[in-house]
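> Got a structure for you, data34.txt, holding compact mmCIF, C-alpha atoms.
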```
# COMPACT_ATOMS: atom_id res chain seq x y z
CA MET A 1 64.79 216.56 197.91
CA PHE A 2 65.02 213.90 195.21
CA SER A 3 67.95 211.56 195.80
CA MET A 4 69.93 209.56 193.28
CA ALA A 5 69.66 205.80 192.99
CA LYS A 6 72.42 203.66 194.45
CA ASN A 7 73.67 202.56 191.03
CA SER A 8 74.08 206.10 189.69
CA LYS A 9 77.34 206.99 187.93
CA ARG A 10 79.64 209.28 189.90
CA PHE A 11 81.93 211.93 188.47
CA SER A 12 84.11 214.60 189.97
CA VAL A 13 86.03 217.56 188.61
CA VAL A 14 88.45 219.65 190.65
CA ILE A 15 89.82 222.85 189.11
CA PRO A 16 91.19 226.15 190.36
CA ALA A 17 88.27 228.47 191.12
CA LEU A 18 88.91 230.73 188.15
CA GLU A 19 86.44 231.95 185.55
CA LYS A 20 88.59 230.80 182.65
CA TYR A 21 87.96 227.15 183.58
CA ILE A 22 84.16 227.32 183.78
CA PRO A 23 83.47 226.65 180.05
CA LEU A 24 85.62 223.54 180.36
CA VAL A 25 83.55 222.18 183.27
CA ARG A 26 80.27 223.08 181.60
CA LYS A 27 81.31 221.36 178.37
CA TYR A 28 82.52 218.29 180.22
CA ILE A 29 79.29 217.83 182.17
CA VAL A 30 77.20 218.30 179.03
CA ASP A 31 79.38 215.84 177.09
CA VAL A 32 78.83 213.27 179.83
CA LEU A 33 75.08 213.87 179.87
CA MET A 34 75.05 213.48 176.09
CA ALA A 35 76.82 210.15 176.41
CA TYR A 36 73.96 209.07 178.71
CA GLU A 37 71.39 210.29 176.15
CA PHE A 38 69.80 213.14 178.06
CA SER A 39 67.54 215.30 175.88
CA GLY A 40 68.67 218.49 174.15
CA ASP A 41 66.42 220.68 176.29
CA PHE A 42 67.73 219.14 179.46
CA LEU A 43 71.33 219.69 178.35
CA TYR A 44 70.68 223.28 177.33
CA GLN A 45 69.10 224.17 180.65
CA MET A 46 71.84 222.35 182.57
CA GLU A 47 74.48 224.24 180.64
CA ILE A 48 72.97 227.58 181.63
CA MET A 49 72.57 226.58 185.26
CA ILE A 50 76.09 225.21 185.64
CA ASP A 51 77.52 228.25 183.94
CA GLU A 52 75.66 230.68 186.17
CA LEU A 53 76.53 228.87 189.37
CA CYS A 54 80.19 228.22 188.66
CA ILE A 55 80.91 231.70 187.29
CA LYS A 56 79.25 233.20 190.31
CA ILE A 57 81.40 231.17 192.67
CA ALA A 58 84.58 231.72 190.67
CA LYS A 59 83.97 235.48 190.71
CA GLU A 60 83.52 235.43 194.43
CA MET A 61 86.42 233.09 195.11
CA LYS A 62 88.91 234.49 192.62
CA ARG A 63 92.33 233.99 194.14
CA ARG A 64 95.33 231.76 194.11
CA PRO A 65 94.81 228.38 192.47
CA SER A 66 96.67 226.21 194.91
CA MET A 67 94.31 227.21 197.62
CA VAL A 68 90.80 227.63 196.35
CA TRP A 69 89.30 224.97 194.19
CA LEU A 70 85.97 224.35 192.61
CA ASP A 71 85.27 220.85 193.83
CA ILE A 72 82.38 219.66 191.70
CA LYS A 73 80.75 216.29 192.09
CA PHE A 74 77.94 215.08 189.93
CA GLU A 75 75.92 211.92 189.55
CA VAL A 76 74.04 210.63 186.57
CA GLY A 77 71.23 208.19 187.27
CA LYS A 78 68.38 206.58 185.43
CA ASN A 79 66.00 209.25 186.60
CA GLY A 80 68.06 212.37 186.62
CA PHE A 81 71.13 214.29 187.57
CA SER A 82 72.52 215.72 190.77
CA PHE A 83 75.22 218.31 191.13
CA ASP A 84 77.24 219.44 194.16
CA ILE A 85 79.80 222.14 194.66
CA LEU A 86 81.56 221.40 197.89
CA GLU A 87 81.81 223.84 200.71
CA GLN A 88 84.36 226.62 200.49
CA ARG A 89 86.26 227.27 203.65
CA GLU A 90 84.44 229.74 205.81
CA GLU A 91 87.51 231.58 207.02
CA LEU A 92 88.46 232.45 203.44
CA VAL A 93 85.09 233.96 202.70
CA GLU A 94 85.32 235.91 205.93
CA PHE A 95 88.83 237.10 205.17
CA PHE A 96 87.77 238.55 201.84
CA SER A 97 84.67 240.11 203.31
CA GLU A 98 86.90 241.93 205.77
CA GLN A 99 88.99 243.09 202.86
CA GLY A 100 85.87 244.83 201.54
CA GLU A 101 85.65 242.88 198.31
CA VAL A 102 82.12 241.50 198.42
CA LEU A 103 80.74 241.60 194.90
CA GLU A 104 77.36 243.09 195.61
CA GLU A 105 75.88 242.54 192.17
CA HIS A 106 76.21 238.79 192.72
CA GLY A 107 74.37 238.55 196.02
CA ILE A 108 71.63 236.22 197.22
CA ASP A 109 68.87 238.00 195.29
CA SER A 110 70.58 237.81 191.90
CA PRO A 111 68.57 236.56 188.88
CA GLU A 112 70.92 233.58 188.40
CA ILE A 113 69.83 232.08 191.70
CA GLY A 114 66.18 232.49 190.72
CA LEU A 115 66.87 230.64 187.48
CA ILE A 116 68.45 227.73 189.30
CA GLU A 117 65.59 227.53 191.79
CA ARG A 118 63.05 227.54 188.95
CA TYR A 119 64.61 224.85 186.75
CA SER A 120 65.85 222.42 189.37
CA ASP A 121 63.79 219.91 191.30
CA GLY A 122 65.69 220.61 194.44
CA ALA A 123 68.32 223.22 195.10
CA ARG A 124 70.09 224.17 198.27
CA LEU A 125 72.51 227.05 198.35
CA ASP A 126 74.40 228.02 201.48
CA PHE A 127 75.75 231.53 201.86
CA ILE A 128 78.32 233.15 204.09
CA LYS A 129 78.13 236.93 204.14
CA GLY A 130 76.28 237.03 200.83
CA LYS A 131 78.68 234.68 199.04
CA ILE A 132 77.83 231.15 197.96
CA SER A 133 79.68 228.61 200.06
CA LYS A 134 77.94 225.38 199.05
CA VAL A 135 75.54 224.22 196.34
CA LYS A 136 73.42 221.12 195.98
CA MET A 137 71.09 220.80 193.02
CA THR A 138 69.03 217.96 191.59
CA ARG A 139 67.00 217.57 188.40
CA VAL A 140 64.63 214.70 187.72
CA GLY A 141 64.09 213.11 184.31
CA LYS A 142 65.98 213.09 181.06
CA ASP A 143 63.31 215.11 179.21
CA ASP A 144 61.64 218.36 180.09
CA MET B 145 97.28 255.16 209.86
CA PRO B 146 97.86 251.88 208.00
CA ASN B 147 96.54 248.68 209.31
CA LEU B 148 98.92 245.74 208.98
CA ILE B 149 97.06 242.47 208.36
CA LEU B 150 99.08 239.30 208.74
CA SER B 151 96.72 236.52 207.83
CA GLU B 152 97.10 232.85 208.71
CA GLU B 153 95.69 231.99 205.28
CA PHE B 154 98.34 233.87 203.30
CA ARG B 155 101.47 233.17 205.26
CA GLU B 156 103.86 234.82 202.83
CA ILE B 157 101.88 238.01 202.27
CA ALA B 158 101.62 241.10 204.45
CA PHE B 159 98.63 243.36 203.76
CA LEU B 160 99.29 247.00 204.47
CA ARG B 161 95.86 248.56 204.36
CA PHE B 162 95.38 252.32 204.32
CA GLU B 163 92.09 253.87 205.36
CA GLU B 164 90.44 256.26 202.93
CA ASN B 165 92.17 259.66 202.78
CA GLU B 166 93.96 259.18 206.09
CA ARG B 167 96.72 261.44 207.40
CA PHE B 168 100.40 260.57 207.28
CA ASP B 169 101.88 259.15 210.46
CA SER B 170 105.55 258.31 210.02
CA ASP B 171 105.95 256.41 213.31
CA LYS B 172 103.03 254.11 212.72
CA LEU B 173 104.03 253.44 209.13
CA ASN B 174 107.59 252.60 210.14
CA ASP B 175 106.26 250.43 212.93
CA CYS B 176 104.42 248.38 210.25
CA PHE B 177 107.57 248.18 208.12
CA ASP B 178 109.60 246.96 211.11
CA LYS B 179 107.09 244.18 211.74
CA ILE B 180 107.26 243.12 208.08
CA LYS B 181 111.08 243.06 208.10
CA LYS B 182 111.20 241.19 211.39
CA ASP B 183 109.45 238.03 210.20
CA PRO B 184 110.33 238.58 207.17
CA TRP B 185 107.41 238.43 204.72
CA LYS B 186 107.99 237.77 201.06
CA PHE B 187 105.33 239.98 199.57
CA VAL B 188 103.67 243.19 200.68
CA ILE B 189 100.41 244.50 199.26
CA ALA B 190 100.00 248.21 199.94
CA ASP B 191 96.24 248.58 199.62
CA PHE B 192 94.93 252.15 199.18
CA GLY B 193 91.57 250.98 197.86
CA LEU B 194 89.46 253.85 196.55
CA SER B 195 91.39 256.48 198.44
CA SER B 196 92.02 259.59 196.33
CA GLU B 197 94.39 261.36 198.71
CA VAL B 198 97.76 259.69 199.13
CA SER B 199 100.28 261.93 200.81
CA ASP B 200 103.72 262.54 199.29
CA GLU B 201 105.34 261.50 202.56
CA THR B 202 103.55 258.15 202.56
CA ILE B 203 104.65 257.44 199.00
CA LYS B 204 108.22 258.46 199.80
CA GLU B 205 108.36 256.17 202.84
CA ILE B 206 106.91 253.24 200.84
CA ILE B 207 109.42 253.72 198.02
CA GLU B 208 112.26 253.78 200.51
CA PHE B 209 110.93 250.68 202.28
CA SER B 210 110.43 248.75 198.99
CA ARG B 211 114.07 249.45 198.02
CA VAL B 212 115.41 248.03 201.28
CA PHE B 213 112.83 245.22 201.28
CA SER B 214 113.87 244.12 197.81
CA ALA B 215 117.64 244.49 198.22
CA LYS B 216 118.04 243.14 201.72
CA TYR B 217 115.12 240.75 202.18
CA PHE B 218 114.48 239.77 198.51
CA GLY B 219 110.86 240.72 199.00
CA LYS B 220 108.41 242.35 196.60
CA LEU B 221 105.87 245.09 197.05
CA CYS B 222 102.84 245.91 194.96
CA PHE B 223 99.97 248.37 195.16
CA VAL B 224 96.22 248.12 195.08
CA VAL B 225 95.04 251.55 194.01
CA ARG B 226 91.64 252.07 192.41
CA ASN B 227 91.56 255.85 192.21
CA GLU B 228 93.08 257.23 189.00
CA GLU B 229 94.42 260.41 190.60
CA ALA B 230 96.13 258.50 193.39
CA LEU B 231 97.57 256.05 190.87
CA LYS B 232 98.98 258.89 188.74
CA LYS B 233 100.64 260.37 191.81
CA ILE B 234 102.28 257.08 192.82
CA ASN B 235 103.32 256.40 189.23
CA PHE B 236 104.93 259.82 189.05
CA ALA B 237 106.83 259.18 192.29
CA TYR B 238 108.13 255.92 190.82
CA ASN B 239 109.21 257.77 187.65
CA ASP B 240 106.60 255.72 185.75
CA GLY B 241 108.55 252.53 186.23
CA PHE B 242 108.90 249.43 188.45
CA LEU B 243 105.43 249.84 189.86
CA LYS B 244 103.01 246.94 190.06
CA ASN B 245 99.45 248.02 190.63
CA PHE B 246 96.27 245.94 190.74
CA ARG B 247 92.60 246.85 190.88
CA ASN B 248 91.86 244.50 193.76
CA THR B 249 93.64 242.33 196.34
CA HIS B 250 92.57 239.07 194.63
CA ASP B 251 94.58 239.94 191.54
CA ALA B 252 97.56 241.01 193.62
CA ILE B 253 97.51 237.69 195.51
CA ASN B 254 97.22 235.73 192.26
CA TYR B 255 100.16 237.67 190.84
CA PHE B 256 102.27 236.68 193.82
CA TYR B 257 101.48 232.98 193.67
CA TRP B 258 101.52 232.57 189.91
CA ASP B 259 104.30 234.88 188.81
CA SER B 260 106.56 234.95 191.83
CA CYS B 261 106.11 231.44 193.23
CA LYS B 262 105.59 229.80 189.81
CA GLU B 263 102.82 227.61 191.13
CA ARG B 264 101.25 225.12 188.80
CA GLU B 265 97.70 224.72 187.59
CA VAL B 266 96.00 221.42 188.27
CA LEU B 267 92.97 219.59 186.92
CA ARG B 268 91.59 216.41 188.46
CA VAL B 269 88.75 214.44 186.88
CA LYS B 270 87.21 211.18 188.02
CA MET B 271 84.79 209.20 185.89
CA PRO B 272 83.18 205.76 185.91
CA SER B 273 85.16 203.08 184.12
CA ASN B 274 83.24 203.26 180.84
CA ILE B 275 84.98 203.40 177.47
CA GLY B 276 82.18 205.60 176.06
CA LEU B 277 83.23 208.41 178.43
CA VAL B 278 86.83 208.63 177.20
CA PRO B 279 86.12 211.20 174.42
CA SER B 280 84.60 213.64 176.93
CA MET B 281 87.60 213.19 179.25
CA ARG B 282 90.00 213.73 176.35
CA THR B 283 88.24 216.96 175.34
CA CYS B 284 88.18 218.22 178.92
CA VAL B 285 91.92 217.64 179.44
CA ASN B 286 92.71 219.13 176.05
CA ASP B 287 90.70 222.26 176.87
CA PHE B 288 92.56 222.58 180.16
CA PHE B 289 95.96 222.50 178.46
CA ALA B 290 94.77 224.79 175.65
CA LEU B 291 93.83 227.38 178.29
CA ASN B 292 97.38 227.16 179.54
CA GLY B 293 99.03 227.72 176.19
CA ILE B 294 99.49 224.19 174.82
CA GLU B 295 98.62 224.01 171.15
CA GLY B 296 99.51 222.44 167.80
CA LYS B 297 101.68 219.33 167.81
CA ALA B 298 102.05 219.17 171.59
CA ALA B 299 98.26 219.40 172.04
CA PHE B 300 97.75 216.55 169.57
CA GLN B 301 100.33 214.41 171.35
CA ILE B 302 98.76 215.05 174.75
CA GLU B 303 95.36 214.13 173.32
CA MET B 304 96.81 210.84 172.10
CA ILE B 305 98.43 210.17 175.49
CA ILE B 306 95.14 210.75 177.37
CA ASP B 307 93.19 208.67 174.90
CA GLU B 308 95.58 205.72 175.04
CA LEU B 309 96.04 205.75 178.80
CA CYS B 310 92.31 206.06 179.57
CA ASN B 311 91.38 203.36 177.07
CA ASN B 312 94.03 201.06 178.55
CA ALA B 313 92.96 201.82 182.12
CA ILE B 314 89.43 200.73 181.27
CA GLU B 315 90.10 197.96 178.78
CA HIS B 316 92.81 196.23 180.82
CA GLY B 317 91.33 197.20 184.18
CA THR B 318 87.61 196.89 184.36
CA GLN B 319 84.55 198.07 182.48
CA ASP B 320 82.48 198.02 185.63
CA GLU B 321 80.98 201.51 185.98
CA ARG B 322 81.02 201.28 189.77
CA LYS B 323 84.84 201.57 189.52
CA THR B 324 86.47 204.83 188.57
CA VAL B 325 89.28 206.11 186.38
CA GLU B 326 91.07 209.19 187.59
CA VAL B 327 93.07 211.66 185.53
CA LEU B 328 95.29 214.19 187.27
CA CYS B 329 96.98 216.81 185.09
CA SER B 330 99.21 219.70 185.95
CA ILE B 331 101.12 222.33 184.05
CA ASN B 332 103.74 224.91 184.88
CA GLU B 333 106.21 226.93 182.84
CA GLU B 334 108.48 223.97 182.24
CA GLN B 335 106.39 220.85 181.85
CA VAL B 336 103.10 219.06 181.57
CA GLU B 337 102.32 216.15 183.88
CA ILE B 338 99.64 213.55 183.29
CA ASN B 339 98.66 210.80 185.72
CA VAL B 340 96.06 208.18 184.93
CA TYR B 341 94.87 205.81 187.65
CA ASN B 342 92.37 202.99 187.39
CA GLY B 343 91.92 201.91 191.02
CA TYR B 344 91.43 198.31 189.95
CA SER B 345 93.53 195.63 191.56
CA PRO B 346 96.07 194.13 189.09
CA ARG B 347 95.37 190.74 190.66
CA ALA B 348 91.70 191.02 189.70
CA ALA B 349 92.72 192.25 186.25
CA LYS B 350 95.07 189.28 185.85
CA LYS B 351 92.30 186.89 186.87
CA ARG B 352 90.07 188.42 184.24
CA SER B 353 92.55 188.84 181.39
CA GLY B 354 95.18 186.23 182.24
CA HIS B 355 98.17 188.58 182.17
CA GLU B 356 99.97 190.84 184.61
CA THR B 357 99.07 194.48 184.01
CA GLY B 358 102.24 196.32 185.08
CA LYS B 359 104.78 194.00 183.45
CA ASN B 360 102.68 193.71 180.32
CA MET B 361 102.37 197.47 180.00
CA GLU B 362 106.11 197.93 180.30
CA LYS B 363 106.62 195.31 177.62
CA TRP B 364 104.23 197.02 175.20
CA ALA B 365 105.80 200.40 175.87
CA GLU B 366 109.28 199.05 175.09
CA LEU B 367 108.34 196.81 172.19
CA PRO B 368 105.21 197.96 170.39
CA ASN B 369 103.50 195.57 168.02
CA ARG B 370 105.21 195.69 164.61
CA THR B 371 102.93 193.26 162.77
CA GLU B 372 101.72 195.07 159.68
CA ASN B 373 98.08 194.00 159.65
CA ASP B 374 97.57 194.06 163.39
CA PHE B 375 96.04 197.33 164.59
CA ARG B 376 96.57 196.83 168.29
CA GLY B 377 99.52 197.00 170.70
CA ARG B 378 101.04 200.34 169.67
CA GLY B 379 99.35 202.73 172.09
CA LEU B 380 101.87 202.60 174.93
CA GLY B 381 104.76 202.80 172.47
CA LEU B 382 103.25 206.04 171.17
CA VAL B 383 102.76 207.37 174.70
CA LYS B 384 106.40 206.66 175.47
CA THR B 385 107.55 208.33 172.24
CA PHE B 386 105.49 211.45 172.94
CA SER B 387 106.66 211.81 176.55
CA ASP B 388 109.94 212.78 178.21
CA ASN B 389 109.37 210.58 181.22
CA PHE B 390 107.09 207.58 181.39
CA GLU B 391 106.50 205.46 184.49
CA ILE B 392 104.11 202.66 185.41
CA ASN B 393 103.29 201.93 189.00
CA SER B 394 101.22 198.89 189.83
CA SER B 395 100.13 198.00 193.35
CA SER B 396 97.22 196.20 194.98
CA ASP B 397 95.32 199.52 194.92
CA GLY B 398 95.46 199.86 191.16
CA THR B 399 97.72 201.05 188.37
CA TRP B 400 99.15 204.53 187.96
CA VAL B 401 100.73 205.72 184.75
CA HIS B 402 102.76 208.88 185.16
CA VAL B 403 103.85 210.89 182.12
CA ILE B 404 105.97 214.05 181.96
CA LYS B 405 106.22 216.08 178.80
CA LYS B 406 108.56 219.07 178.63
CA ARG B 407 107.18 222.25 177.10
```
Show me the file's structure as structure tokens.


Amino acid sequence: MFSMAKNSKRFSVVIPALEKYIPLVRKYIVDVLMAYEFSGDFLYQMEIMIDELCIKIAKEMKRRPSMVWLDIKFEVGKNGFSFDILEQREELVEFFSEQGEVLEEHGIDSPEIGLIERYSDGARLDFIKGKISKVKMTRVGKDD
Amino acid sequence: MPNLILSEEFREIAFLRFEENERFDSDKLNDCFDKIKKDPWKFVIADFGLSSEVSDETIKEIIEFSRVFSAKYFGKLCFVVRNEEALKKINFAYNDGFLKNFRNTHDAINYFYWDSCKEREVLRVKMPSNIGLVPSMRTCVNDFFALNGIEGKAAFQIEMIIDELCNNAIEHGTQDERKTVEVLCSINEEQVEINVYNGYSPRAAKKRSGHETGKNMEKWAELPNRTENDFRGRGLGLVKTFSDNFEINSSSDGTWVHVIKKR
């Protein structure tokens, strides 16, 4: 997988894992990429990918804010952009699976995941019982 | 009969889970209630899921338990019922009042922590120390507060506070992008809290700018620049005016500015 240069700029956003906050994260990341003069196409595709990923996780992790967070780290470098959503705690995912609340329509084979795999230059998604637990995604270049 | 789940993850919540269309068993149900009262748990979620058959006896026992639980143990009980028929039946037993029902356990848990425990919502953003990134930070924080009901004059004042504090953190700290500026915001029913941290040693800042960050900031907050044609030196005065509590904390690790604004 492509890795970011040492002098890349590092950002992080931590919010409660709730759907209502996803537009805020998406907008923030795109604003930052705009400040670093990434192309319109790149921004547009990033916006879709971030939206799909974060909404998916928020839907799966929807519960009390003081406990489950979307911990998003991203880096902007000369040659691209990398994006991480840190690992959710396994026991939580397991607890909710036991409670019978797996959202089947958002499983591993969903179209959103295909989209992310197609547009990124490296994507790694970890799952626990069909739910995303960790994401790492990289895109090379400012123009597509 | 019901399965009582006492999870390590949700220490204040007891999950009383009923299997689909199961038969009433008074002893087992009361055994669960006794366990709940013994500890005692603050919140009980009676989860019937998709079950369409809920016996009258079960509902009667739950109503009786919730009365005692609320009066004696100050606890709360809510339902998770997804079947309309079952919901109607429970509603009827409650005389169409005082019943909290949710479509899934997630929402019931959220209800407990947000409405009963009054927990706050938090946003934390870290960015490189670059003045060109302040507008995106300002928008992000503003969006966060807007989602939590802050609008109009208060929203404008918060925007000003973020703008001033981030600009100061960078301008009087460092503009080296390897260093970061951190903004930590929280909101609850009563107040808004904003913390801005620049992680840049005041000693290094003094070496660069020739003045002491903490003391200087306090001075500008107390006595803003009043020179008519001078456009600088009023930011911290504005921040102080717009906030209900304003505190500056400078140590070798960096400078924190902590602002509280009542809602």

> Using all atoms listed in the file, I'd like a table of the residues in chain B that come within 8 Å of chain A; for each, show the closest atom pair and its distance in Å rounded to one decimal, ordered by chain and ascending number, as JSON lines.


```
{"residue": "B:Glu153", "atom": "CA", "partner": "A:Leu92", "partner_atom": "CA", "distance": 7.5}
{"residue": "B:Asn248", "atom": "CA", "partner": "A:Glu101", "partner_atom": "CA", "distance": 7.9}
{"residue": "B:His250", "atom": "CA", "partner": "A:Arg63", "partner_atom": "CA", "distance": 5.1}
{"residue": "B:Asp251", "atom": "CA", "partner": "A:Arg63", "partner_atom": "CA", "distance": 6.9}
{"residue": "B:Ile253", "atom": "CA", "partner": "A:Arg64", "partner_atom": "CA", "distance": 6.5}
{"residue": "B:Asn254", "atom": "CA", "partner": "A:Arg64", "partner_atom": "CA", "distance": 4.8}
{"residue": "B:Tyr257", "atom": "CA", "partner": "A:Arg64", "partner_atom": "CA", "distance": 6.3}
{"residue": "B:Trp258", "atom": "CA", "partner": "A:Arg64", "partner_atom": "CA", "distance": 7.5}
{"residue": "B:Glu263", "atom": "CA", "partner": "A:Ser66", "partner_atom": "CA", "distance": 7.4}
{"residue": "B:Arg264", "atom": "CA", "partner": "A:Ser66", "partner_atom": "CA", "distance": 7.7}
{"residue": "B:Glu265", "atom": "CA", "partner": "A:Pro65", "partner_atom": "CA", "distance": 6.7}
{"residue": "B:Val266", "atom": "CA", "partner": "A:Ile15", "partner_atom": "CA", "distance": 6.4}
{"residue": "B:Leu267", "atom": "CA", "partner": "A:Ile15", "partner_atom": "CA", "distance": 5.0}
{"residue": "B:Arg268", "atom": "CA", "partner": "A:Val14", "partner_atom": "CA", "distance": 5.0}
{"residue": "B:Val269", "atom": "CA", "partner": "A:Val13", "partner_atom": "CA", "distance": 4.5}
{"residue": "B:Lys270", "atom": "CA", "partner": "A:Ser12", "partner_atom": "CA", "distance": 5.0}
{"residue": "B:Met271", "atom": "CA", "partner": "A:Phe11", "partner_atom": "CA", "distance": 4.7}
{"residue": "B:Pro272", "atom": "CA", "partner": "A:Lys9", "partner_atom": "CA", "distance": 6.3}
{"residue": "B:Gly276", "atom": "CA", "partner": "A:Ala35", "partner_atom": "CA", "distance": 7.0}
{"residue": "B:Leu277", "atom": "CA", "partner": "A:Val32", "partner_atom": "CA", "distance": 6.7}
{"residue": "B:Ser280", "atom": "CA", "partner": "A:Asp31", "partner_atom": "CA", "distance": 5.7}
{"residue": "B:Met281", "atom": "CA", "partner": "A:Tyr28", "partner_atom": "CA", "distance": 7.3}
{"residue": "B:Thr283", "atom": "CA", "partner": "A:Tyr28", "partner_atom": "CA", "distance": 7.6}
{"residue": "B:Cys284", "atom": "CA", "partner": "A:Tyr28", "partner_atom": "CA", "distance": 5.8}
{"residue": "B:Asp287", "atom": "CA", "partner": "A:Leu24", "partner_atom": "CA", "distance": 6.3}
{"residue": "B:Phe288", "atom": "CA", "partner": "A:Leu24", "partner_atom": "CA", "distance": 7.0}
{"residue": "B:Leu291", "atom": "CA", "partner": "A:Lys20", "partner_atom": "CA", "distance": 7.6}
{"residue": "B:Glu321", "atom": "CA", "partner": "A:Lys9", "partner_atom": "CA", "distance": 6.9}
{"residue": "B:Arg322", "atom": "CA", "partner": "A:Lys9", "partner_atom": "CA", "distance": 7.0}
```

> What's the 6 Å shell around stretch 116-123 of chain A, counting all atoms listed in the file, without same-chain residues fewer than 2 positions away, as an mmCIF file with C-alpha atoms, in the coordinates of the input?


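What follows is the written file around_36.cif:
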```cif
data_model
loop_
_atom_site.group_PDB
_atom_site.id
_atom_site.type_symbol
_atom_site.label_atom_id
_atom_site.label_comp_id
_atom_site.auth_asym_id
_atom_site.auth_seq_id
_atom_site.Cartn_x
_atom_site.Cartn_y
_atom_site.Cartn_z
ATOM 1 C CA MET A 1 64.790 216.560 197.910
ATOM 2 C CA MET A 49 72.570 226.580 185.260
ATOM 3 C CA ILE A 113 69.830 232.080 191.700
ATOM 4 C CA GLY A 114 66.180 232.490 190.720
ATOM 5 C CA LYS A 136 73.420 221.120 195.980
ATOM 6 C CA MET A 137 71.090 220.800 193.020
ATOM 7 C CA THR A 138 69.030 217.960 191.590
ATOM 8 C CA ARG A 139 67.000 217.570 188.400
#
```

> Which value, in Å to one decimal, gives the distance between atom CA of B:Glu205 and atom CA of B:Asp175?

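Straight-line distance from atom CA of B:Glu205 to atom CA of B:Asp175 works out to 11.8 Å.
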
> Report, in Å to a single decimal, how far apart atom CA of A:Phe127 and atom CA of B:Ala252 are.

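Separating atom CA of B:Ala252 from atom CA of A:Phe127 is a distance of 25.2 Å.
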
> Work out how far atom CA of A:Leu70 is from atom CA of B:Arg161, in Å to one decimal.

28.7 Å

> Could you list, as a PDB file with C-alpha atoms, in the frame of the given file, every residue within 8 Å of B:Ser273, counting only C-alpha atoms and ignoring same-chain residues fewer than 4 positions away?


```
ATOM      1  CA  ILE B 314      89.430 200.730 181.270  1.00  0.00           C
ATOM      2  CA  THR B 318      87.610 196.890 184.360  1.00  0.00           C
ATOM      3  CA  GLN B 319      84.550 198.070 182.480  1.00  0.00           C
ATOM      4  CA  ASP B 320      82.480 198.020 185.630  1.00  0.00           C
ATOM      5  CA  GLU B 321      80.980 201.510 185.980  1.00  0.00           C
ATOM      6  CA  ARG B 322      81.020 201.280 189.770  1.00  0.00           C
ATOM      7  CA  LYS B 323      84.840 201.570 189.520  1.00  0.00           C
ATOM      8  CA  THR B 324      86.470 204.830 188.570  1.00  0.00           C
ATOM      9  CA  VAL B 325      89.280 206.110 186.380  1.00  0.00           C
ATOM     10  CA  ASN B 342      92.370 202.990 187.390  1.00  0.00           C
TER      11      ASN B 342
END
```
